[in-house]
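Trainee: Following this line is my_file_23.pdb, made up of PDB, C-alpha atoms:
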MODEL        1
ATOM      1  CA  MET A 295       0.000   0.000   0.000  1.00  0.00           C
ATOM      2  CA  ASN A 296       1.496   3.331  -0.956  1.00  0.00           C
ATOM      3  CA  GLU A 297       1.619   6.343   1.345  1.00  0.00           C
ATOM      4  CA  GLN A 298      -1.058   8.327  -0.518  1.00  0.00           C
ATOM      5  CA  THR A 299      -3.594   5.453  -0.358  1.00  0.00           C
ATOM      6  CA  GLN A 300      -2.900   5.010   3.356  1.00  0.00           C
ATOM      7  CA  THR A 301      -3.340   8.759   3.967  1.00  0.00           C
ATOM      8  CA  THR A 302      -6.621   8.767   2.016  1.00  0.00           C
ATOM      9  CA  GLN A 303      -7.961   5.819   4.038  1.00  0.00           C
ATOM     10  CA  THR A 304      -6.889   7.426   7.329  1.00  0.00           C
ATOM     11  CA  THR A 305      -8.557  10.690   6.305  1.00  0.00           C
ATOM     12  CA  ALA A 306     -11.752   8.850   5.348  1.00  0.00           C
ATOM     13  CA  LYS A 307     -11.809   7.088   8.737  1.00  0.00           C
ATOM     14  CA  SER A 308     -11.139  10.382  10.562  1.00  0.00           C
ATOM     15  CA  THR A 309     -13.882  12.145   8.616  1.00  0.00           C
ATOM     16  CA  HIS A 310     -16.348   9.385   9.405  1.00  0.00           C
ATOM     17  CA  SER A 311     -15.412   9.503  13.071  1.00  0.00           C
ATOM     18  CA  ALA A 312     -15.689  13.279  13.093  1.00  0.00           C
ATOM     19  CA  GLN A 313     -19.060  13.105  11.343  1.00  0.00           C
ATOM     20  CA  SER A 314     -20.261  10.509  13.829  1.00  0.00           C
ATOM     21  CA  LEU A 315     -19.099  12.633  16.781  1.00  0.00           C
ATOM     22  CA  VAL A 316     -20.813  15.716  15.402  1.00  0.00           C
ATOM     23  CA  THR A 317     -24.037  13.765  14.861  1.00  0.00           C
ATOM     24  CA  ILE A 318     -23.871  12.389  18.406  1.00  0.00           C
ATOM     25  CA  ALA A 319     -23.260  15.870  19.825  1.00  0.00           C
ATOM     26  CA  LEU A 320     -26.077  17.413  17.793  1.00  0.00           C
ATOM     27  CA  MET A 321     -28.539  14.702  18.793  1.00  0.00           C
ATOM     28  CA  ALA A 322     -27.517  15.074  22.453  1.00  0.00           C
ATOM     29  CA  ALA A 323     -28.260  18.793  22.093  1.00  0.00           C
ATOM     30  CA  VAL A 324     -31.652  18.006  20.538  1.00  0.00           C
ATOM     31  CA  LEU A 325     -32.329  15.671  23.448  1.00  0.00           C
ATOM     32  CA  CYS A 326     -31.444  18.464  25.902  1.00  0.00           C
ATOM     33  CA  VAL A 327     -33.712  20.958  24.157  1.00  0.00           C
ATOM     34  CA  SER A 328     -36.583  18.462  23.983  1.00  0.00           C
ATOM     35  CA  ALA A 329     -36.826  18.508  27.789  1.00  0.00           C
ATOM     36  CA  TYR A 330     -38.086  22.080  27.490  1.00  0.00           C
ATOM     37  CA  ILE A 331     -40.829  21.222  25.041  1.00  0.00           C
ATOM     38  CA  SER A 332     -43.220  20.323  27.814  1.00  0.00           C
ATOM     39  CA  ILE A 333     -46.624  20.812  29.326  1.00  0.00           C
ATOM     40  CA  PRO A 334     -46.513  20.979  33.130  1.00  0.00           C
ATOM     41  CA  LEU A 335     -49.219  19.003  34.920  1.00  0.00           C
ATOM     42  CA  PRO A 336     -50.815  19.879  38.281  1.00  0.00           C
ATOM     43  CA  ASN A 337     -49.096  16.919  39.997  1.00  0.00           C
ATOM     44  CA  GLY A 338     -45.626  18.379  39.310  1.00  0.00           C
ATOM     45  CA  SER A 339     -44.844  16.190  36.316  1.00  0.00           C
ATOM     46  CA  HIS A 340     -44.484  17.160  32.674  1.00  0.00           C
ATOM     47  CA  ILE A 341     -45.595  15.827  29.329  1.00  0.00           C
ATOM     48  CA  THR A 342     -42.475  16.383  27.234  1.00  0.00           C
ATOM     49  CA  ALA A 343     -40.980  15.792  23.820  1.00  0.00           C
ATOM     50  CA  LEU A 344     -38.058  14.107  25.563  1.00  0.00           C
ATOM     51  CA  ASN A 345     -39.450  10.586  25.342  1.00  0.00           C
ATOM     52  CA  PHE A 346     -40.218  11.124  21.642  1.00  0.00           C
ATOM     53  CA  ILE A 347     -36.583  12.065  20.963  1.00  0.00           C
ATOM     54  CA  VAL A 348     -35.239   9.247  23.180  1.00  0.00           C
ATOM     55  CA  MET A 349     -37.349   6.767  21.222  1.00  0.00           C
ATOM     56  CA  LEU A 350     -36.379   8.233  17.859  1.00  0.00           C
ATOM     57  CA  VAL A 351     -32.672   8.093  18.754  1.00  0.00           C
ATOM     58  CA  ALA A 352     -33.005   4.487  19.946  1.00  0.00           C
ATOM     59  CA  LEU A 353     -34.784   3.466  16.729  1.00  0.00           C
ATOM     60  CA  VAL A 354     -32.528   5.354  14.310  1.00  0.00           C
ATOM     61  CA  PHE A 355     -29.014   4.964  15.687  1.00  0.00           C
ATOM     62  CA  SER A 356     -26.761   2.031  16.518  1.00  0.00           C
ATOM     63  CA  ILE A 357     -26.506   0.907  20.121  1.00  0.00           C
ATOM     64  CA  ARG A 358     -23.175   2.736  20.487  1.00  0.00           C
ATOM     65  CA  GLU A 359     -24.528   6.000  19.139  1.00  0.00           C
ATOM     66  CA  SER A 360     -27.849   5.752  20.986  1.00  0.00           C
ATOM     67  CA  PHE A 361     -26.081   4.951  24.243  1.00  0.00           C
ATOM     68  CA  LEU A 362     -23.612   7.840  23.851  1.00  0.00           C
ATOM     69  CA  ILE A 363     -26.291  10.374  22.898  1.00  0.00           C
ATOM     70  CA  ASN A 364     -28.373   9.403  25.908  1.00  0.00           C
ATOM     71  CA  LEU A 365     -25.326   9.219  28.206  1.00  0.00           C
ATOM     72  CA  ILE A 366     -24.238  12.749  27.306  1.00  0.00           C
ATOM     73  CA  TRP A 367     -27.731  14.072  28.032  1.00  0.00           C
ATOM     74  CA  PHE A 368     -27.966  12.147  31.308  1.00  0.00           C
ATOM     75  CA  LEU A 369     -24.508  13.192  32.554  1.00  0.00           C
ATOM     76  CA  LEU A 370     -25.214  16.838  31.723  1.00  0.00           C
ATOM     77  CA  GLY A 371     -28.372  16.565  33.819  1.00  0.00           C
ATOM     78  CA  LEU A 372     -26.546  14.862  36.682  1.00  0.00           C
ATOM     79  CA  LEU A 373     -23.896  17.582  36.626  1.00  0.00           C
ATOM     80  CA  GLY A 374     -26.560  20.228  37.168  1.00  0.00           C
ATOM     81  CA  LEU A 375     -27.475  21.449  33.706  1.00  0.00           C
ATOM     82  CA  PRO A 376     -31.263  21.762  33.533  1.00  0.00           C
ATOM     83  CA  VAL A 377     -31.760  19.246  30.715  1.00  0.00           C
ATOM     84  CA  LEU A 378     -33.752  16.496  32.416  1.00  0.00           C
ATOM     85  CA  ILE A 379     -37.539  16.273  32.241  1.00  0.00           C
ATOM     86  CA  GLY A 380     -39.096  19.723  32.521  1.00  0.00           C
ATOM     87  CA  GLY A 381     -35.681  21.387  32.879  1.00  0.00           C
ATOM     88  CA  ALA A 382     -34.817  19.543  36.088  1.00  0.00           C
ATOM     89  CA  SER A 383     -31.253  18.582  37.012  1.00  0.00           C
ATOM     90  CA  GLY A 384     -29.002  16.995  39.592  1.00  0.00           C
ATOM     91  CA  ILE A 385     -28.648  13.731  41.414  1.00  0.00           C
ATOM     92  CA  GLY A 386     -31.457  14.751  43.778  1.00  0.00           C
ATOM     93  CA  TYR A 387     -33.900  14.825  40.884  1.00  0.00           C
ATOM     94  CA  VAL A 388     -32.731  11.482  39.499  1.00  0.00           C
ATOM     95  CA  LEU A 389     -33.022   9.827  42.909  1.00  0.00           C
ATOM     96  CA  GLY A 390     -36.382  11.517  43.578  1.00  0.00           C
ATOM     97  CA  PRO A 391     -39.901  10.378  42.666  1.00  0.00           C
ATOM     98  CA  TRP A 392     -39.717  11.439  39.007  1.00  0.00           C
ATOM     99  CA  GLY A 393     -36.156  10.245  38.348  1.00  0.00           C
ATOM    100  CA  GLY A 394     -37.212   6.762  37.281  1.00  0.00           C
ATOM    101  CA  TYR A 395     -38.277   8.054  33.892  1.00  0.00           C
ATOM    102  CA  SER A 396     -34.773   9.378  33.181  1.00  0.00           C
ATOM    103  CA  ILE A 397     -33.284   6.059  34.244  1.00  0.00           C
ATOM    104  CA  ALA A 398     -35.785   4.174  32.065  1.00  0.00           C
ATOM    105  CA  PHE A 399     -34.697   6.321  29.102  1.00  0.00           C
ATOM    106  CA  ARG A 400     -31.155   4.999  29.607  1.00  0.00           C
ATOM    107  CA  ILE A 401     -32.434   1.422  29.492  1.00  0.00           C
ATOM    108  CA  VAL A 402     -34.466   2.090  26.337  1.00  0.00           C
ATOM    109  CA  ALA A 403     -31.456   3.757  24.678  1.00  0.00           C
ATOM    110  CA  ALA A 404     -29.456   0.560  25.206  1.00  0.00           C
ATOM    111  CA  LEU A 405     -32.068  -2.138  24.576  1.00  0.00           C
ATOM    112  CA  VAL A 406     -34.093  -0.842  21.629  1.00  0.00           C
ATOM    113  CA  PRO A 407     -31.132  -0.725  19.204  1.00  0.00           C
ATOM    114  CA  LEU A 408     -30.286  -4.307  20.217  1.00  0.00           C
ATOM    115  CA  ILE A 409     -33.793  -5.510  19.434  1.00  0.00           C
ATOM    116  CA  CYS A 410     -34.359  -3.519  16.260  1.00  0.00           C
ATOM    117  CA  THR A 411     -32.672  -4.795  13.190  1.00  0.00           C
ATOM    118  CA  ARG A 412     -30.837  -2.266  11.060  1.00  0.00           C
ATOM    119  CA  ARG A 413     -33.257  -3.125   8.268  1.00  0.00           C
ATOM    120  CA  TYR A 414     -36.396  -1.119   8.899  1.00  0.00           C
ATOM    121  CA  ASN A 415     -39.606  -3.041   9.506  1.00  0.00           C
ATOM    122  CA  ARG A 416     -42.528  -0.703  10.216  1.00  0.00           C
ATOM    123  CA  VAL A 417     -44.591  -3.227  12.204  1.00  0.00           C
ATOM    124  CA  LEU A 418     -41.671  -4.441  14.331  1.00  0.00           C
ATOM    125  CA  TYR A 419     -40.421  -0.913  15.029  1.00  0.00           C
ATOM    126  CA  THR A 420     -43.929   0.245  15.966  1.00  0.00           C
ATOM    127  CA  ILE A 421     -44.465  -2.654  18.376  1.00  0.00           C
ATOM    128  CA  ILE A 422     -41.058  -2.114  19.982  1.00  0.00           C
ATOM    129  CA  ALA A 423     -41.721   1.627  20.287  1.00  0.00           C
ATOM    130  CA  ILE A 424     -45.104   1.061  21.967  1.00  0.00           C
ATOM    131  CA  LEU A 425     -43.677  -1.526  24.369  1.00  0.00           C
ATOM    132  CA  SER A 426     -40.777   0.798  25.167  1.00  0.00           C
ATOM    133  CA  ALA A 427     -43.121   3.704  25.909  1.00  0.00           C
ATOM    134  CA  ALA A 428     -45.146   1.479  28.225  1.00  0.00           C
ATOM    135  CA  PHE A 429     -41.926   0.274  29.869  1.00  0.00           C
ATOM    136  CA  VAL A 430     -40.750   3.843  30.556  1.00  0.00           C
ATOM    137  CA  ASP A 431     -44.075   4.830  32.108  1.00  0.00           C
ATOM    138  CA  LEU A 432     -44.316   1.623  34.140  1.00  0.00           C
ATOM    139  CA  PHE A 433     -40.692   1.817  35.313  1.00  0.00           C
ATOM    140  CA  GLY A 434     -41.207   5.471  36.267  1.00  0.00           C
ATOM    141  CA  SER A 435     -44.353   4.577  38.221  1.00  0.00           C
ATOM    142  CA  ILE A 436     -42.688   1.731  40.085  1.00  0.00           C
ATOM    143  CA  TRP A 437     -39.708   3.977  40.849  1.00  0.00           C
ATOM    144  CA  MET A 438     -42.138   6.578  42.191  1.00  0.00           C
ATOM    145  CA  MET A 439     -43.854   3.926  44.317  1.00  0.00           C
ATOM    146  CA  VAL A 440     -40.565   2.801  45.874  1.00  0.00           C
ATOM    147  CA  VAL A 441     -39.007   6.247  46.364  1.00  0.00           C
ATOM    148  CA  SER A 442     -42.194   7.908  47.634  1.00  0.00           C
ATOM    149  CA  ASP A 443     -43.312   4.891  49.655  1.00  0.00           C
ATOM    150  CA  ILE A 444     -46.782   4.866  48.134  1.00  0.00           C
ATOM    151  CA  ALA A 445     -48.953   1.974  46.973  1.00  0.00           C
ATOM    152  CA  LEU A 446     -48.901   0.740  43.386  1.00  0.00           C
ATOM    153  CA  VAL A 447     -52.339   2.070  42.388  1.00  0.00           C
ATOM    154  CA  PRO A 448     -51.630   5.694  43.416  1.00  0.00           C
ATOM    155  CA  ALA A 449     -48.228   5.451  41.715  1.00  0.00           C
ATOM    156  CA  LEU A 450     -49.873   4.262  38.494  1.00  0.00           C
ATOM    157  CA  VAL A 451     -52.508   6.989  38.740  1.00  0.00           C
ATOM    158  CA  ALA A 452     -49.798   9.630  39.146  1.00  0.00           C
ATOM    159  CA  GLY A 453     -47.072   8.192  36.942  1.00  0.00           C
ATOM    160  CA  PHE A 454     -48.646   6.001  34.272  1.00  0.00           C
ATOM    161  CA  LEU A 455     -52.202   7.007  33.422  1.00  0.00           C
ATOM    162  CA  PRO A 456     -51.548  10.702  32.688  1.00  0.00           C
ATOM    163  CA  PHE A 457     -48.805   9.834  30.190  1.00  0.00           C
ATOM    164  CA  ILE A 458     -49.407   6.508  28.489  1.00  0.00           C
ATOM    165  CA  VAL A 459     -51.810   7.610  25.750  1.00  0.00           C
ATOM    166  CA  LEU A 460     -49.669  10.496  24.480  1.00  0.00           C
ATOM    167  CA  ASP A 461     -46.472   8.490  24.978  1.00  0.00           C
ATOM    168  CA  VAL A 462     -47.849   5.697  22.786  1.00  0.00           C
ATOM    169  CA  VAL A 463     -48.848   8.242  20.128  1.00  0.00           C
ATOM    170  CA  LYS A 464     -45.350   9.759  20.219  1.00  0.00           C
ATOM    171  CA  ALA A 465     -43.810   6.272  20.038  1.00  0.00           C
ATOM    172  CA  VAL A 466     -45.910   5.334  17.004  1.00  0.00           C
ATOM    173  CA  ILE A 467     -44.980   8.581  15.238  1.00  0.00           C
ATOM    174  CA  ALA A 468     -41.285   8.017  16.025  1.00  0.00           C
ATOM    175  CA  ALA A 469     -41.445   4.505  14.587  1.00  0.00           C
ATOM    176  CA  GLN A 470     -43.065   5.776  11.377  1.00  0.00           C
ATOM    177  CA  ILE A 471     -40.449   8.433  10.592  1.00  0.00           C
ATOM    178  CA  VAL A 472     -37.328   6.298  11.147  1.00  0.00           C
ATOM    179  CA  PRO A 473     -36.507   5.914   7.410  1.00  0.00           C
ATOM    180  CA  GLN A 474     -36.753   9.650   6.786  1.00  0.00           C
ATOM    181  CA  ILE A 475     -34.608  10.521   9.808  1.00  0.00           C
ATOM    182  CA  ARG A 476     -31.985   7.927   8.850  1.00  0.00           C
ATOM    183  CA  LYS A 477     -31.686   9.574   5.427  1.00  0.00           C
ATOM    184  CA  ILE A 478     -31.106  12.947   7.066  1.00  0.00           C
ATOM    185  CA  VAL A 479     -28.509  11.860   9.638  1.00  0.00           C
ATOM    186  CA  ARG A 480     -26.517   9.524   7.404  1.00  0.00           C
TER     187      ARG A 480
ENDMDL
END
Just dump the structure as structure tokens.
Mentor:
Amino acid sequence: MNEQTQTTQTTAKSTHSAQSLVTIALMAAVLCVSAYISIPLPNGSHITALNFIVMLVALVFSIRESFLINLIWFLLGLLGLPVLIGGASGIGYVLGPWGGYSIAFRIVAALVPLICTRRYNRVLYTIIAILSAAFVDLFGSIWMMVVSDIALVPALVAGFLPFIVLDVVKAVIAAQIVPQIRKIVR
């Protein structure tokens, strides 16, 4: 292999890595901003665009990229930047009654790319998105139950019922636009 060919291949790898890093950073920023697209509810919670973006990232990107995008967002929130649900931040929020949703997002960011094949299948992606939305809301409710020391039914009334319908709608929409988003980010 001559020196010019080796330099061209190294440059191509560097460009791809740089492009991937920029995409990850931009999507982490979108994830941060999506926390502010929210409707506050009387019980102190928020209906946000965050779970829509988490789901979209998990469906569109590889496990490595999805994990990193979500990790950057989560660490920024832990460090005190107001990027968690409703603009919350800090370890106190994550360990509090509403923190289970942020933790569930981390699980979804890791598991959904493992389950979804890289080849898009609308039915499979939609089912996985719906199940993931239900998982996030259920995990958040159980977290609330444990942290707040309340019974399961009140936890579900506060942490599952107000969100599940819109979260399923957002999940279905995310699953439908995967091919278009992949074209944009690739």
Trainee: Any idea what the distance is between CA of Met439 in chain A and CA of Ser396 in chain A?
Mentor: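 If I compute the distance from CA of Met439 in chain A to CA of Ser396 in chain A, I get 15.4 Å.
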Trainee: Would you place a box with edges along x, y and z of the file around all atoms of range 343-356 of chain A listed there, add 3 Å to each of its six sides, and report the centre and edge lengths in Å to one decimal, as JSON?
Mentor:
{"center_x": -33.9, "center_y": 8.9, "center_z": 19.9, "size_x": 20.2, "size_y": 19.8, "size_z": 17.3}
Trainee: For Ile397 in chain A, work out the shell of residues within 9 Å, counting only C-alpha atoms and skipping chain neighbours fewer than 3 positions away, then give it as number ranges by chain.
Mentor: A: 368, 388, 393-394, 400-402, 430, 433-434
Trainee: Would you mind exporting the chosen residues as a short mmCIF file (atom, residue, chain, number, x, y, z; two decimals), in the coordinates of the input, restricted to C-alpha atoms?
Mentor:
data_model
loop_
_atom_site.label_atom_id
_atom_site.label_comp_id
_atom_site.auth_asym_id
_atom_site.auth_seq_id
_atom_site.Cartn_x
_atom_site.Cartn_y
_atom_site.Cartn_z
CA PHE A 368 -27.97 12.15 31.31
CA VAL A 388 -32.73 11.48 39.50
CA GLY A 393 -36.16 10.24 38.35
CA GLY A 394 -37.21 6.76 37.28
CA ARG A 400 -31.16 5.00 29.61
CA ILE A 401 -32.43 1.42 29.49
CA VAL A 402 -34.47 2.09 26.34
CA VAL A 430 -40.75 3.84 30.56
CA PHE A 433 -40.69 1.82 35.31
CA GLY A 434 -41.21 5.47 36.27
#
Trainee: Write out as a PyMOL selection string the residues lying within 8 Å of range 319-335 of chain A, counting only C-alpha atoms and excluding same-chain residues fewer than 2 positions away.
Mentor: chain A and resi 315-317+337-344+347-348+351+363-364+366-367+377-381
Trainee: Just give me the gap between CA of Leu369 in chain A and CA of Ser311 in chain A in Å, one decimal is fine.
Mentor: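 Distance between the two atoms: 21.8 Å.
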Trainee: Set the distance at 7 Å and use all atoms listed in the file: which residues neighbour range 354-361 of chain A once local chain neighbours fewer than 5 positions away are removed? I'd like the list as a PDB file with C-alpha atoms, keeping the file's coordinate frame.
Mentor:
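Listed below is the output, out20.pdb:
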ATOM      1  CA  ILE A 318     -23.871  12.389  18.406  1.00  0.00           C
ATOM      2  CA  ALA A 403     -31.456   3.757  24.678  1.00  0.00           C
ATOM      3  CA  ALA A 404     -29.456   0.560  25.206  1.00  0.00           C
ATOM      4  CA  PRO A 407     -31.132  -0.725  19.204  1.00  0.00           C
ATOM      5  CA  LEU A 408     -30.286  -4.307  20.217  1.00  0.00           C
ATOM      6  CA  VAL A 472     -37.328   6.298  11.147  1.00  0.00           C
ATOM      7  CA  ARG A 476     -31.985   7.927   8.850  1.00  0.00           C
TER       8      ARG A 476
END
Trainee: A:Ile467, A:Leu375, A:Trp437, A:Pro473: which is nearest Ala423 in chain A, counting only C-alpha atoms?
Mentor: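 The answer is A:Ile467, which sits nearest to Ala423 in chain A.
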Trainee: Would you mind telling me which residue in A:Ser383, A:Met349, A:Ala449, A:Leu370 lies nearest to Val406 in chain A when using all atoms listed in the file?
Mentor: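 Checking each of A:Ser383, A:Met349, A:Ala449, A:Leu370 against Val406 in chain A, counting all atoms listed in the file, the winner is A:Met349.
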Trainee: Using all atoms listed in the file, find the one residue out of A:Gly390, A:Pro336, A:Pro376, A:Gly384 that sits nearest to Ala452 in chain A.
Mentor: A:Pro336
